[in-house]
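Undergrad: File name coords39.txt; file contents compact mmCIF, C-alpha atoms; full text below.
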# COMPACT_ATOMS: atom_id res chain seq x y z
CA MET A 85 15.84 -45.01 -2.45
CA THR A 86 19.52 -44.23 -2.71
CA GLY A 87 21.68 -42.78 -5.44
CA PHE A 88 19.02 -40.55 -6.94
CA LEU A 89 20.00 -37.34 -5.21
CA SER A 90 23.40 -35.74 -5.60
CA PRO A 91 25.73 -35.61 -2.57
CA ASP A 92 25.06 -31.87 -2.25
CA GLU A 93 21.32 -32.42 -2.29
CA ILE A 94 21.58 -35.17 0.30
CA ALA A 95 23.75 -33.00 2.56
CA LEU A 96 21.40 -30.02 2.37
CA GLY A 97 18.34 -32.19 2.83
CA ASP A 98 19.86 -33.94 5.84
CA ARG A 99 20.69 -30.57 7.40
CA PHE A 100 17.15 -29.38 6.90
CA VAL A 101 15.62 -32.53 8.33
CA ALA A 102 17.93 -32.36 11.36
CA ASP A 103 17.67 -28.64 12.18
CA GLN A 104 14.53 -27.70 10.19
CA TRP A 105 16.19 -24.42 9.22
CA LEU A 106 19.00 -23.31 6.99
CA ILE A 107 20.87 -20.02 6.79
CA LEU A 108 22.61 -19.66 3.45
CA PRO A 109 24.00 -16.88 1.24
CA VAL A 110 21.47 -15.61 -1.28
CA GLU A 111 21.88 -17.14 -4.71
CA ASP A 112 21.25 -13.90 -6.63
CA ALA A 113 22.91 -10.87 -5.04
CA ASP A 114 21.59 -8.52 -7.73
CA ALA A 115 18.03 -9.59 -7.01
CA LEU A 116 18.55 -8.91 -3.31
CA ALA A 117 20.00 -5.47 -3.97
CA ARG A 118 17.09 -4.65 -6.24
CA ILE A 119 14.58 -5.67 -3.58
CA ARG A 120 16.39 -3.76 -0.84
CA ASP A 121 16.83 -0.63 -2.96
CA ARG A 122 13.19 -0.62 -4.06
CA THR A 123 12.14 -1.10 -0.45
CA ALA A 124 14.18 1.91 0.61
CA ALA A 125 12.85 3.97 -2.31
CA LEU A 126 9.24 3.14 -1.46
CA ALA A 127 9.82 3.96 2.20
CA ALA A 128 11.48 7.27 1.31
CA GLY A 129 8.64 8.08 -1.09
CA HIS A 130 6.05 7.37 1.59
CA LEU A 131 7.87 9.68 3.99
CA GLY A 132 8.30 12.39 1.35
CA MET A 133 12.07 12.05 1.35
CA PRO A 134 14.61 11.84 -1.50
CA LEU A 135 16.10 8.51 -2.54
CA PRO A 136 18.65 7.45 0.07
CA ASN A 137 22.29 7.14 -0.97
CA ASP A 138 22.82 4.25 1.42
CA PRO A 139 19.62 2.17 1.41
CA GLN A 140 20.74 -0.25 4.09
CA HIS A 141 21.68 2.53 6.51
CA PHE A 142 18.42 4.33 5.69
CA LEU A 143 16.41 1.20 6.52
CA ASP A 144 18.42 0.53 9.67
CA ARG A 145 17.82 4.08 10.90
CA ILE A 146 14.17 4.41 9.84
CA GLY A 147 13.31 4.77 13.53
CA ASP A 148 14.82 8.26 13.40
CA ARG A 149 12.10 9.25 10.93
CA VAL A 150 8.97 7.32 11.90
CA GLY A 151 7.48 6.18 15.20
CA PRO A 152 5.26 3.23 16.09
CA ALA A 153 2.05 5.15 15.35
CA ARG A 154 2.91 5.61 11.66
CA LEU A 155 4.89 2.42 11.23
CA ASN A 156 2.09 0.19 9.94
CA ASP A 157 1.09 2.72 7.27
CA LEU A 158 4.70 2.82 6.12
CA ARG A 159 4.94 -0.97 6.15
CA LEU A 160 1.77 -1.35 4.10
CA ALA A 161 2.85 1.29 1.57
CA VAL A 162 6.18 -0.46 1.08
CA ILE A 163 4.93 -4.02 0.79
CA GLN A 164 1.99 -3.09 -1.43
CA GLY A 165 4.41 -1.22 -3.68
CA LEU A 166 6.77 -4.17 -3.84
CA ASN A 167 4.05 -6.73 -4.47
CA ALA A 168 2.83 -4.56 -7.35
CA GLU A 169 6.21 -4.84 -9.09
CA SER A 170 6.12 -7.50 -11.82
CA TRP A 171 9.71 -8.58 -11.10
CA PHE A 172 9.39 -8.79 -7.33
CA ARG A 173 8.25 -12.35 -6.68
CA THR A 174 10.47 -13.72 -9.44
CA SER A 175 13.44 -12.03 -7.80
CA TYR A 176 12.40 -13.26 -4.38
CA HIS A 177 12.30 -16.84 -5.62
CA ALA A 178 15.69 -16.38 -7.34
CA LEU A 179 17.28 -15.64 -3.96
CA ALA A 180 16.93 -19.29 -2.96
CA ARG A 181 16.02 -21.08 -6.18
CA ARG A 182 18.44 -24.00 -5.76
CA ALA A 183 17.83 -24.41 -2.04
CA LEU A 184 14.06 -24.43 -2.56
CA SER A 185 14.37 -26.94 -5.35
CA THR A 186 16.48 -29.21 -3.16
CA VAL A 187 14.49 -28.90 0.04
CA VAL A 188 10.96 -28.51 -1.30
CA GLY A 189 10.82 -29.60 -4.91
CA ASN A 190 11.04 -28.39 -8.46
CA GLU A 191 7.32 -27.82 -8.95
CA LEU A 192 6.50 -25.13 -6.46
CA ALA A 193 3.58 -23.14 -5.19
CA MET A 194 4.51 -19.70 -3.86
CA GLN A 195 2.60 -17.41 -1.55
CA ARG A 196 0.91 -14.79 -3.71
CA THR A 197 1.93 -11.80 -1.61
CA VAL A 198 5.23 -11.55 0.21
CA GLY A 199 5.00 -10.33 3.81
CA LEU A 200 7.07 -7.57 5.39
CA SER A 201 7.99 -7.08 9.03
CA VAL A 202 9.40 -3.80 10.32
CA GLN A 203 10.35 -3.73 13.95
CA LEU A 204 11.60 -0.54 15.53
CA PRO A 205 14.01 -0.70 18.46
CA GLY A 206 12.09 -0.99 21.72
CA ASP A 207 8.68 -1.14 19.99
CA ASP A 208 6.28 -3.69 21.46
CA SER A 209 3.40 -2.92 19.10
CA SER A 210 4.34 -5.20 16.21
CA LEU A 211 5.42 -8.39 17.88
CA LEU A 212 4.65 -11.85 16.62
CA PRO A 213 3.97 -14.13 19.59
CA LEU A 214 5.47 -17.57 19.69
CA HIS A 215 3.58 -19.75 17.24
CA CYS A 216 3.72 -22.56 14.71
CA ASP A 217 2.11 -21.50 11.45
CA VAL A 218 0.88 -25.06 11.15
CA TRP A 219 -1.29 -24.33 14.17
CA ASP A 220 -2.68 -21.26 12.38
CA GLY A 221 -3.91 -22.91 9.22
CA ASP A 222 -0.74 -23.56 7.25
CA SER A 223 0.22 -26.91 5.82
CA PRO A 224 3.11 -28.82 7.43
CA TYR A 225 4.49 -29.21 3.92
CA GLU A 226 5.29 -25.49 3.64
CA VAL A 227 8.60 -23.76 4.29
CA VAL A 228 9.20 -20.06 4.92
CA LEU A 229 11.84 -18.13 3.00
CA TRP A 230 12.75 -15.34 5.42
CA LEU A 231 14.85 -12.53 4.07
CA PRO A 232 16.56 -9.79 6.07
CA LEU A 233 17.08 -6.46 4.30
CA VAL A 234 19.46 -5.36 7.05
CA ASP A 235 21.72 -7.32 9.35
CA CYS A 236 19.32 -9.18 11.66
CA LEU A 237 21.18 -10.32 14.74
CA ARG A 238 20.07 -11.26 18.27
CA THR A 239 16.71 -9.72 19.25
CA LYS A 240 16.60 -7.85 15.94
CA SER A 241 16.07 -11.25 14.33
CA MET A 242 13.59 -14.02 15.10
CA CYS A 243 13.79 -16.91 17.50
CA ILE A 244 12.96 -20.54 16.89
CA LEU A 245 12.65 -23.63 19.03
CA PRO A 246 14.96 -26.47 17.90
CA PRO A 247 13.26 -29.73 16.91
CA ALA A 248 13.89 -31.73 20.10
CA ALA A 249 12.67 -28.94 22.38
CA ASN A 250 9.79 -28.28 19.99
CA ALA A 251 8.70 -31.91 20.24
CA ARG A 252 8.73 -31.68 24.05
CA ALA A 253 6.74 -28.43 23.97
CA CYS A 254 4.12 -29.90 21.62
CA ALA A 255 3.79 -33.00 23.77
CA GLY A 256 3.05 -30.82 26.78
CA LEU A 257 0.88 -28.24 25.03
CA LYS A 258 -2.40 -29.51 26.42
CA GLY A 259 -1.14 -28.37 29.81
CA PHE A 260 -1.49 -24.79 28.53
CA ALA A 261 -5.17 -25.09 27.57
CA ASP A 262 -6.25 -22.43 30.05
CA ARG A 263 -3.06 -20.40 29.82
CA THR A 264 -1.58 -17.93 27.36
CA VAL A 265 1.00 -17.87 24.62
CA ASP A 266 3.23 -15.82 26.93
CA ASP A 267 3.11 -18.69 29.41
CA LEU A 268 4.18 -21.03 26.65
CA PHE A 269 7.01 -18.67 25.71
CA ALA A 270 8.22 -18.55 29.31
CA SER A 271 8.26 -22.34 29.48
CA VAL A 272 10.49 -22.71 26.42
CA GLU A 273 12.45 -19.47 26.56
CA GLN A 274 15.67 -21.11 27.72
CA ASP A 275 15.63 -23.42 24.69
CA LEU A 276 14.91 -20.77 22.05
CA VAL A 277 17.62 -20.01 19.53
CA TRP A 278 17.99 -16.49 18.14
CA LEU A 279 18.96 -16.81 14.50
CA ASP A 280 21.63 -14.40 13.31
CA VAL A 281 20.92 -13.72 9.64
CA PRO A 282 23.16 -11.03 8.16
CA TYR A 283 22.21 -9.08 5.05
CA GLY A 284 23.11 -11.16 2.00
CA HIS A 285 21.75 -14.35 3.54
CA PHE A 286 18.36 -15.97 3.76
CA LEU A 287 16.74 -18.19 6.32
CA LEU A 288 14.71 -21.15 5.14
CA PHE A 289 12.76 -22.77 7.95
CA SER A 290 9.96 -25.14 8.71
CA GLN A 291 7.03 -23.39 10.29
CA ASN A 292 6.27 -26.64 12.11
CA LEU A 293 8.69 -25.31 14.74
CA LEU A 294 7.59 -22.75 17.30
CA HIS A 295 9.02 -19.37 16.40
CA GLY A 296 8.36 -15.68 16.88
CA ASN A 297 10.00 -12.48 17.97
CA ARG A 298 10.27 -10.25 21.01
CA VAL A 299 11.01 -6.59 21.51
CA ASN A 300 13.95 -5.55 19.35
CA LEU A 301 16.58 -4.52 21.88
CA GLU A 302 19.21 -3.66 19.26
CA PRO A 303 19.82 -0.03 18.23
CA ALA A 304 18.59 -0.42 14.62
CA THR A 305 15.33 -1.43 12.94
CA ARG A 306 14.59 -4.89 11.67
CA TRP A 307 13.37 -5.17 8.08
CA SER A 308 12.58 -8.70 7.02
CA MET A 309 10.39 -10.36 4.44
CA ASN A 310 8.71 -13.71 4.54
CA CYS A 311 7.12 -15.89 1.93
CA ARG A 312 5.90 -19.46 1.98
CA PHE A 313 6.70 -22.11 -0.58
CA LYS A 314 5.49 -25.66 -0.89
CA SER A 315 5.53 -28.51 -3.30
CA LEU A 316 2.69 -27.83 -5.71
CA PHE A 317 1.12 -31.26 -5.27
CA SER A 318 1.62 -31.70 -1.53
CA PRO A 319 -1.40 -31.33 0.78
CA TYR A 320 -2.79 -27.84 1.44
CA ALA A 321 -4.36 -26.69 4.68
CA ASP A 322 -6.32 -23.49 5.32
CA LYS A 323 -4.03 -21.45 3.02
CA ARG A 324 -5.36 -22.69 -0.26
CA LEU A 325 -4.17 -22.87 -3.82
CA GLY A 326 -5.50 -19.90 -5.78
CA GLU A 327 -6.35 -17.59 -2.90
CA PHE A 328 -3.06 -17.84 -0.98
CA PHE A 329 -0.70 -19.88 -3.15
CA GLU A 330 -0.15 -20.05 -6.87
CA PRO A 331 1.95 -22.33 -9.05
CA ILE A 332 5.27 -20.81 -10.13
CA THR A 333 7.34 -23.62 -11.64
CA LEU A 334 4.93 -25.94 -13.36
CA ARG A 335 6.91 -28.36 -15.52
CA ALA A 336 6.22 -29.46 -19.08
CA ALA A 337 5.17 -33.03 -18.34
CA THR A 338 2.74 -31.83 -15.69
CA ARG A 339 1.31 -29.33 -18.14
CA LEU A 340 0.75 -32.13 -20.64
CA GLY A 341 -0.84 -34.26 -17.96
CA LEU A 342 -3.17 -31.49 -16.84
CA ASP A 343 -4.27 -30.93 -20.43
CA PHE A 344 -4.70 -34.60 -21.25
CA ARG A 345 -8.15 -35.92 -22.08
CA PHE A 346 -9.00 -39.52 -22.93
CA PRO A 347 -10.83 -39.93 -26.22
CA ASP A 348 -14.54 -40.09 -25.44
CA GLY A 349 -17.73 -41.11 -27.16
CA PHE A 350 -17.70 -44.77 -26.10
CA HIS A 351 -20.74 -46.35 -24.46
CA ASP A 352 -21.33 -49.75 -22.84
CA MET B 97 -0.91 3.98 33.21
CA THR B 98 -1.28 3.44 29.45
CA GLU B 99 -4.58 4.62 27.99
CA ALA B 100 -6.52 1.85 26.28
CA PHE B 101 -6.43 2.15 22.51
CA GLY B 102 -8.02 0.24 19.65
CA TYR B 103 -9.86 -3.00 19.11
CA ARG B 104 -7.96 -6.26 18.72
CA GLY B 105 -9.19 -8.55 15.97
CA TYR B 106 -9.46 -12.27 16.55
CA ILE B 107 -9.74 -14.80 13.76
CA GLY B 108 -9.67 -18.58 13.60
CA SER B 109 -7.86 -21.24 11.63
CA ARG B 110 -10.28 -24.10 12.25
CA SER B 111 -13.93 -24.82 11.74
CA TYR B 112 -16.46 -23.39 14.21
CA PHE B 113 -19.92 -24.91 13.92
CA GLY B 114 -18.98 -26.05 10.44
CA GLN B 115 -17.84 -22.60 9.33
CA ASN B 116 -14.22 -22.04 8.29
CA PRO B 117 -13.94 -18.98 6.06
CA PRO B 118 -10.50 -17.97 4.71
CA GLN B 119 -8.55 -15.86 7.16
CA HIS B 120 -8.38 -12.85 4.87
CA VAL B 121 -12.17 -12.96 4.56
CA GLN B 122 -12.49 -13.05 8.35
CA ASN B 123 -10.22 -10.01 8.52
CA LEU B 124 -12.27 -8.21 5.88
CA VAL B 125 -15.42 -8.75 7.93
CA ILE B 126 -13.69 -7.49 11.08
CA ARG B 127 -12.24 -4.46 9.32
CA ASP B 128 -15.63 -3.61 7.86
CA PHE B 129 -17.27 -3.95 11.28
CA CYS B 130 -14.61 -1.69 12.83
CA ARG B 131 -15.03 0.86 10.05
CA ARG B 132 -18.81 0.97 10.54
CA LYS B 133 -18.41 1.35 14.30
CA GLY B 134 -15.62 3.90 14.03
CA PHE B 135 -13.22 1.59 15.85
CA ASP B 136 -9.43 1.70 15.46
CA PHE B 137 -8.60 -1.81 14.26
CA LEU B 138 -5.58 -3.59 15.69
CA LEU B 139 -4.16 -6.47 13.66
CA SER B 140 -5.89 -9.75 14.39
CA ALA B 141 -4.57 -12.57 16.49
CA THR B 142 -5.11 -15.98 14.95
CA GLU B 143 -6.33 -18.85 17.11
CA TYR B 144 -4.54 -22.14 16.80
CA ALA B 145 -6.10 -24.87 14.70
CA MET B 146 -6.28 -27.53 17.39
CA PRO B 147 -9.93 -28.23 18.32
CA GLY B 148 -10.90 -26.75 21.65
CA CYS B 149 -7.72 -24.65 21.92
CA HIS B 150 -8.16 -21.01 23.04
CA MET B 151 -4.59 -20.14 23.95
CA MET B 152 -4.53 -17.17 21.59
CA LEU B 153 -7.85 -15.90 22.93
CA ASN B 154 -6.41 -16.18 26.43
CA GLN B 155 -3.44 -14.16 25.21
CA VAL B 156 -5.70 -11.49 23.72
CA LEU B 157 -7.62 -11.25 26.98
CA THR B 158 -4.39 -10.29 28.75
CA GLU B 159 -4.39 -7.18 26.56
CA LEU B 160 -7.66 -5.91 28.02
CA PRO B 161 -5.96 -3.24 30.14
CA VAL B 162 -4.50 -1.64 27.01
CA VAL B 163 -7.20 -2.16 24.36
CA GLN B 164 -10.74 -0.81 24.17
CA GLY B 165 -12.18 -4.11 23.08
CA ILE B 166 -11.91 -7.34 21.16
CA VAL B 167 -13.60 -8.02 17.85
CA LEU B 168 -14.07 -11.72 17.17
CA TYR B 169 -14.82 -12.74 13.63
CA SER B 170 -17.73 -14.67 15.15
CA LEU B 171 -19.13 -14.95 18.63
CA PHE B 172 -19.24 -18.68 18.01
CA MET B 173 -15.45 -18.77 18.32
CA LEU B 174 -15.82 -18.46 22.08
CA PRO B 175 -15.35 -21.63 24.15
CA ARG B 176 -18.21 -24.12 24.04
CA ASP B 177 -18.01 -24.46 27.79
CA THR B 178 -20.67 -22.13 29.23
CA GLU B 179 -18.73 -21.24 32.36
CA LYS B 180 -15.64 -20.37 30.34
CA ARG B 181 -17.72 -18.10 28.10
CA ARG B 182 -19.30 -16.38 31.06
CA ALA B 183 -15.90 -15.88 32.64
CA ILE B 184 -14.77 -14.15 29.44
CA TYR B 185 -17.83 -11.86 29.42
CA ARG B 186 -17.17 -10.93 33.05
CA ARG B 187 -13.49 -10.32 32.43
CA VAL B 188 -14.19 -8.03 29.47
CA ILE B 189 -16.96 -6.10 31.24
CA ASP B 190 -15.02 -5.75 34.47
CA SER B 191 -12.09 -4.26 32.59
CA GLY B 192 -14.32 -1.62 31.02
CA ALA B 193 -13.78 -2.99 27.52
CA SER B 194 -16.23 -4.52 25.06
CA LEU B 195 -16.52 -7.76 23.10
CA HIS B 196 -17.90 -7.96 19.57
CA GLY B 197 -18.85 -10.57 17.00
CA ALA B 198 -18.24 -9.00 13.61
CA VAL B 199 -20.16 -11.38 11.39
CA GLU B 200 -23.16 -11.35 13.75
CA SER B 201 -22.78 -7.60 14.38
CA GLN B 202 -23.43 -8.24 18.07
CA SER B 203 -21.71 -6.40 20.89
CA ILE B 204 -21.29 -6.94 24.61
CA HIS B 205 -20.83 -3.82 26.70
CA GLY B 206 -22.57 -4.98 29.86
CA ALA B 207 -24.40 -7.80 31.60
CA ALA B 208 -27.61 -7.40 29.60
CA ASP B 209 -25.72 -7.72 26.34
CA ALA B 210 -23.91 -10.77 27.66
CA ALA B 211 -27.21 -12.42 28.59
CA ARG B 212 -28.61 -11.73 25.13
CA VAL B 213 -25.54 -13.18 23.42
CA GLU B 214 -25.57 -16.14 25.77
CA ASP B 215 -29.17 -16.89 24.77
CA ILE B 216 -28.09 -16.96 21.14
CA TRP B 217 -25.20 -19.24 22.05
CA LEU B 218 -27.37 -21.71 23.93
CA ILE B 219 -29.95 -21.84 21.17
CA ARG B 220 -27.18 -22.39 18.63
CA MET B 221 -25.93 -25.31 20.72
CA ALA B 222 -29.43 -26.78 20.84
CA LEU B 223 -30.18 -26.42 17.12
CA PRO B 224 -28.46 -29.66 16.03
CA HIS B 225 -30.85 -31.52 18.30
CA CYS B 226 -33.96 -29.90 16.84
CA PRO B 227 -36.06 -31.47 14.09
CA THR B 228 -35.21 -30.16 10.66
CA ASN B 229 -38.54 -31.15 9.07
CA LEU B 230 -42.04 -30.89 10.52
Could I get this structure in the form of structure tokens?
TA:
Amino acid sequence: MTGFLSPDEIALGDRFVADQWLILPVEDADALARIRDRTAALAAGHLGMPLPNDPQHFLDRIGDRVGPARLNDLRLAVIQGLNAESWFRTSYHALARRALSTVVGNELAMQRTVGLSVQLPGDDSSLLPLHCDVWDGDSPYEVVLWLPLVDCLRTKSMCILPPAANARACAGLKGFADRTVDDLFASVEQDLVWLDVPYGHFLLFSQNLLHGNRVNLEPATRWSMNCRFKSLFSPYADKRLGEFFEPITLRAATRLGLDFRFPDGFHD
Amino acid sequence: MTEAFGYRGYIGSRSYFGQNPPQHVQNLVIRDFCRRKGFDFLLSATEYAMPGCHMMLNQVLTELPVVQGIVLYSLFMLPRDTEKRRAIYRRVIDSGASLHGAVESQSIHGAADAARVEDIWLIRMALPHCPTNL
């Protein structure tokens, strides 16, 4: 099976297979700005504040205005507001349309609601322990499109275990049967890579790799979004088509195929 | 010392006794249980899908000093090993917290509750071996 993919597609695919993540510039800067600005506007509205002049600075410094106790209410208000916007998911997909098409396919299922993570500096109440989503009911055919709305560097970002170390950790996982996820984290901590993803870029990664976050030790707040994509006709796991995923790029020939009916009325 | 606050949800991503409801449905049941009990709900931890794995439950149990209790979607998500279950009951009770099964609406605050739940567990384990028609 050679010669069917373009050199660019082969190069990107090879990178993804080797590393199982990609950090690339967003493909639609206007869509990103719209998402970030609406996020800031919704956050300001929830806090009873005027529209910020500098949305990115406002998001970075949200910790000056809200503490951990009110953070989840703010997060929910913002993400529910965004998911209610008719343009939101289309814009989110546009951020990585070509990369998704190359890495995943051109007939895609997209998570129905995009997720939002807000992590204040020093806050340990909204951490995501080390995990593989595949272990939590996701299909190994899914990828996550992770989008920072601010510069996400070092502990303000997320960490991931590279494929070779991940394979070793999975092979030894049964040794943790009576232990905790923190024990697992400690055993792989030296191999974890913190992914620096500046604003204007996205991270596309396989959730077959262990990943998570820790306390944000940077001075500003992390704002990041996540959304899963998969090939429409690849196997689903616990996150099912209809309730969790929905088709977004159904192609014409597939539509014809789905509608096709053989002539009937014949009997042996 | 931090004062204990809230009830940690615990949902699954595999089948337990043939039951595997969608995760958002499990969370709805837990949230409804917490609302009826007047509990402050803390976002659920999700157990790994590998059969017999309770690493996430073990992780949640380490939170006992700082949470008021744990709300499982179902009590039947506890380990099938009787001694491991009993160790969990003891650990929860000894820490002054409580353990709940949202879909069964059963709670463990002390030894008597644990014994009652354990009876249910043992009967549930025996049911597949019982005649289904008489």
Undergrad: Report, in Å to a single decimal, how far apart atom CA of A:Leu276 and atom CA of B:Pro161 are.
TA: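 Going from atom CA of B:Pro161 over to atom CA of A:Leu276, I get 28.4 Å.
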Undergrad: Let me have the centre and edge lengths in Å, one decimal, of the box along x, y and z around every listed atom of stretch 212-230 of chain A with 3 Å of margin on each side, as lines of an AutoDock Vina configuration file.
TA:
center_x = 4.4
center_y = -20.5
center_z = 11.3
size_x = 22.7
size_y = 23.4
size_z = 22.7
Undergrad: Find the spatial neighbours of stretch 116-123 of chain A, counting all atoms listed in the file, within a cut-off of 8 Å - ignore same-chain residues fewer than 4 positions away - and output them as a PDB file with C-alpha atoms, in the coordinates of the input.
TA:
ATOM      1  CA  VAL A 110      21.470 -15.610  -1.280  1.00  0.00           C
ATOM      2  CA  ASP A 112      21.250 -13.900  -6.630  1.00  0.00           C
ATOM      3  CA  ALA A 127       9.820   3.960   2.200  1.00  0.00           C
ATOM      4  CA  PRO A 139      19.620   2.170   1.410  1.00  0.00           C
ATOM      5  CA  GLN A 140      20.740  -0.250   4.090  1.00  0.00           C
ATOM      6  CA  VAL A 162       6.180  -0.460   1.080  1.00  0.00           C
ATOM      7  CA  ILE A 163       4.930  -4.020   0.790  1.00  0.00           C
ATOM      8  CA  LEU A 166       6.770  -4.170  -3.840  1.00  0.00           C
ATOM      9  CA  PHE A 172       9.390  -8.790  -7.330  1.00  0.00           C
ATOM     10  CA  SER A 175      13.440 -12.030  -7.800  1.00  0.00           C
ATOM     11  CA  TYR A 176      12.400 -13.260  -4.380  1.00  0.00           C
ATOM     12  CA  LEU A 179      17.280 -15.640  -3.960  1.00  0.00           C
ATOM     13  CA  LEU A 233      17.080  -6.460   4.300  1.00  0.00           C
ATOM     14  CA  GLY A 284      23.110 -11.160   2.000  1.00  0.00           C
TER      15      GLY A 284
END
Undergrad: Return the neighbours of chain B among the residues of chain A, cut-off 6 Å, counting all atoms listed in the file, as a list in words.
TA: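 The complete set of qualifying residues is Trp219, Asp220, Gly221, Thr264 and Val265 of chain A.
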Undergrad: May I have the residues within 12 Å of A:Asn137 as a JSON list (two decimals) with C-alpha atoms, keeping the file's coordinate frame, using only C-alpha atoms and disregarding those fewer than 5 positions away in the same chain?
TA:
[["chain", "number", "residue", "atom", "x", "y", "z"],
["A", 121, "ASP", "CA", 16.83, -0.63, -2.96],
["A", 124, "ALA", "CA", 14.18, 1.91, 0.61],
["A", 125, "ALA", "CA", 12.85, 3.97, -2.31],
["A", 128, "ALA", "CA", 11.48, 7.27, 1.31],
["A", 142, "PHE", "CA", 18.42, 4.33, 5.69],
["A", 143, "LEU", "CA", 16.41, 1.20, 6.52]]
Undergrad: Using only C-alpha atoms, which residues sit within 7 Å of A:Ile244 once same-chain residues fewer than 6 positions away are excluded, as a list of chain:residue names?
TA: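 Returned residues: A:Leu276, A:Val277, A:Trp278, A:Leu293, A:Leu294, A:His295, A:Gly296.
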Undergrad: Taking only C-alpha atoms into account, which of B:Phe113, B:Arg104, B:Glu159, B:Lys133 comes nearest B:Arg220?
TA: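 Of B:Phe113, B:Arg104, B:Glu159, B:Lys133, the one nearest B:Arg220 is B:Phe113, counting only C-alpha atoms.
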Undergrad: How many Å separate atom CA of B:Leu160 from atom CA of A:Lys323?
TA: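 Taking atom CA of B:Leu160 as the start and atom CA of A:Lys323 as the end point, the length is 29.7 Å.
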Undergrad: Between A:Trp307, A:Trp230, A:Tyr225, A:Phe286, which has the minimum distance to A:Ser201 (counting all atoms listed in the file)?
TA: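 Of the candidates, the smallest distance to A:Ser201 is held by A:Trp307.
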Undergrad: What's around stretch 180-197 of chain A at 6 Å? Count all atoms listed in the file, leave out sequence neighbours fewer than 2 positions away in its own chain, and write the answer as a ChimeraX atom specification.
TA: /A:93,97,111,177-178,311-316,328-334
Undergrad: Using only C-alpha atoms, which residues sit within 12 Å of B:Leu124 once same-chain residues fewer than 3 positions away are excluded, as a PDB file with C-alpha atoms, in the frame of the given file?
TA:
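Saved result, around-v3.pdb, follows:
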ATOM      1  CA  GLY B 105      -9.190  -8.550  15.970  1.00  0.00           C
ATOM      2  CA  TYR B 106      -9.460 -12.270  16.550  1.00  0.00           C
ATOM      3  CA  ILE B 107      -9.740 -14.800  13.760  1.00  0.00           C
ATOM      4  CA  PRO B 117     -13.940 -18.980   6.060  1.00  0.00           C
ATOM      5  CA  PRO B 118     -10.500 -17.970   4.710  1.00  0.00           C
ATOM      6  CA  GLN B 119      -8.550 -15.860   7.160  1.00  0.00           C
ATOM      7  CA  HIS B 120      -8.380 -12.850   4.870  1.00  0.00           C
ATOM      8  CA  VAL B 121     -12.170 -12.960   4.560  1.00  0.00           C
ATOM      9  CA  ARG B 127     -12.240  -4.460   9.320  1.00  0.00           C
ATOM     10  CA  ASP B 128     -15.630  -3.610   7.860  1.00  0.00           C
ATOM     11  CA  PHE B 129     -17.270  -3.950  11.280  1.00  0.00           C
ATOM     12  CA  CYS B 130     -14.610  -1.690  12.830  1.00  0.00           C
ATOM     13  CA  ARG B 131     -15.030   0.860  10.050  1.00  0.00           C
ATOM     14  CA  PHE B 137      -8.600  -1.810  14.260  1.00  0.00           C
ATOM     15  CA  LEU B 139      -4.160  -6.470  13.660  1.00  0.00           C
ATOM     16  CA  SER B 140      -5.890  -9.750  14.390  1.00  0.00           C
ATOM     17  CA  LEU B 168     -14.070 -11.720  17.170  1.00  0.00           C
ATOM     18  CA  TYR B 169     -14.820 -12.740  13.630  1.00  0.00           C
ATOM     19  CA  ALA B 198     -18.240  -9.000  13.610  1.00  0.00           C
ATOM     20  CA  VAL B 199     -20.160 -11.380  11.390  1.00  0.00           C
TER      21      VAL B 199
END
Undergrad: Would you compute the distance between atom CA of A:Leu229 and atom CA of A:Asp148? Give it in Å to one decimal.
TA: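 Between these atoms lies a distance of 28.5 Å.
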Undergrad: Could you check which of B:Phe135, B:Tyr185, B:Asp190, B:Pro224 is closest to B:Ala211, using all atoms listed in the file?
TA: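 Nearest candidate to B:Ala211 out of B:Phe135, B:Tyr185, B:Asp190, B:Pro224: B:Tyr185.
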Undergrad: Measuring atom to atom with all atoms listed in the file, identify which of A:Leu268, A:Val150, A:Ile94, A:Val281 is nearest to A:Pro109.
TA: A:Val281
Undergrad: Which is closer to B:His205 than all the others in B:Leu218, B:Ile189, B:Leu223, B:Leu171, using only C-alpha atoms?
TA: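 With only C-alpha atoms as the atom set, the closest residue is B:Ile189.
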Undergrad: Take stretch 194-198 of chain B, model N, CA, C and O atoms, and hand the result over as a short mmCIF file (atom, residue, chain, number, x, y, z; two decimals), keeping the file's coordinate frame.
TA:
data_model
loop_
_atom_site.label_atom_id
_atom_site.label_comp_id
_atom_site.auth_asym_id
_atom_site.auth_seq_id
_atom_site.Cartn_x
_atom_site.Cartn_y
_atom_site.Cartn_z
N SER B 194 -15.06 -3.94 25.70
CA SER B 194 -16.23 -4.52 25.06
C SER B 194 -15.81 -5.67 24.17
O SER B 194 -14.66 -5.76 23.74
N LEU B 195 -16.77 -6.56 23.90
CA LEU B 195 -16.52 -7.76 23.10
C LEU B 195 -17.52 -7.78 21.96
O LEU B 195 -18.72 -7.54 22.18
N HIS B 196 -17.04 -8.08 20.75
CA HIS B 196 -17.90 -7.96 19.57
C HIS B 196 -17.78 -9.20 18.70
O HIS B 196 -16.70 -9.79 18.58
N GLY B 197 -18.87 -9.56 18.04
CA GLY B 197 -18.85 -10.57 17.00
C GLY B 197 -19.12 -9.86 15.69
O GLY B 197 -20.22 -9.32 15.48
N ALA B 198 -18.11 -9.83 14.81
CA ALA B 198 -18.24 -9.00 13.61
C ALA B 198 -19.28 -9.56 12.65
O ALA B 198 -20.11 -8.81 12.13
#
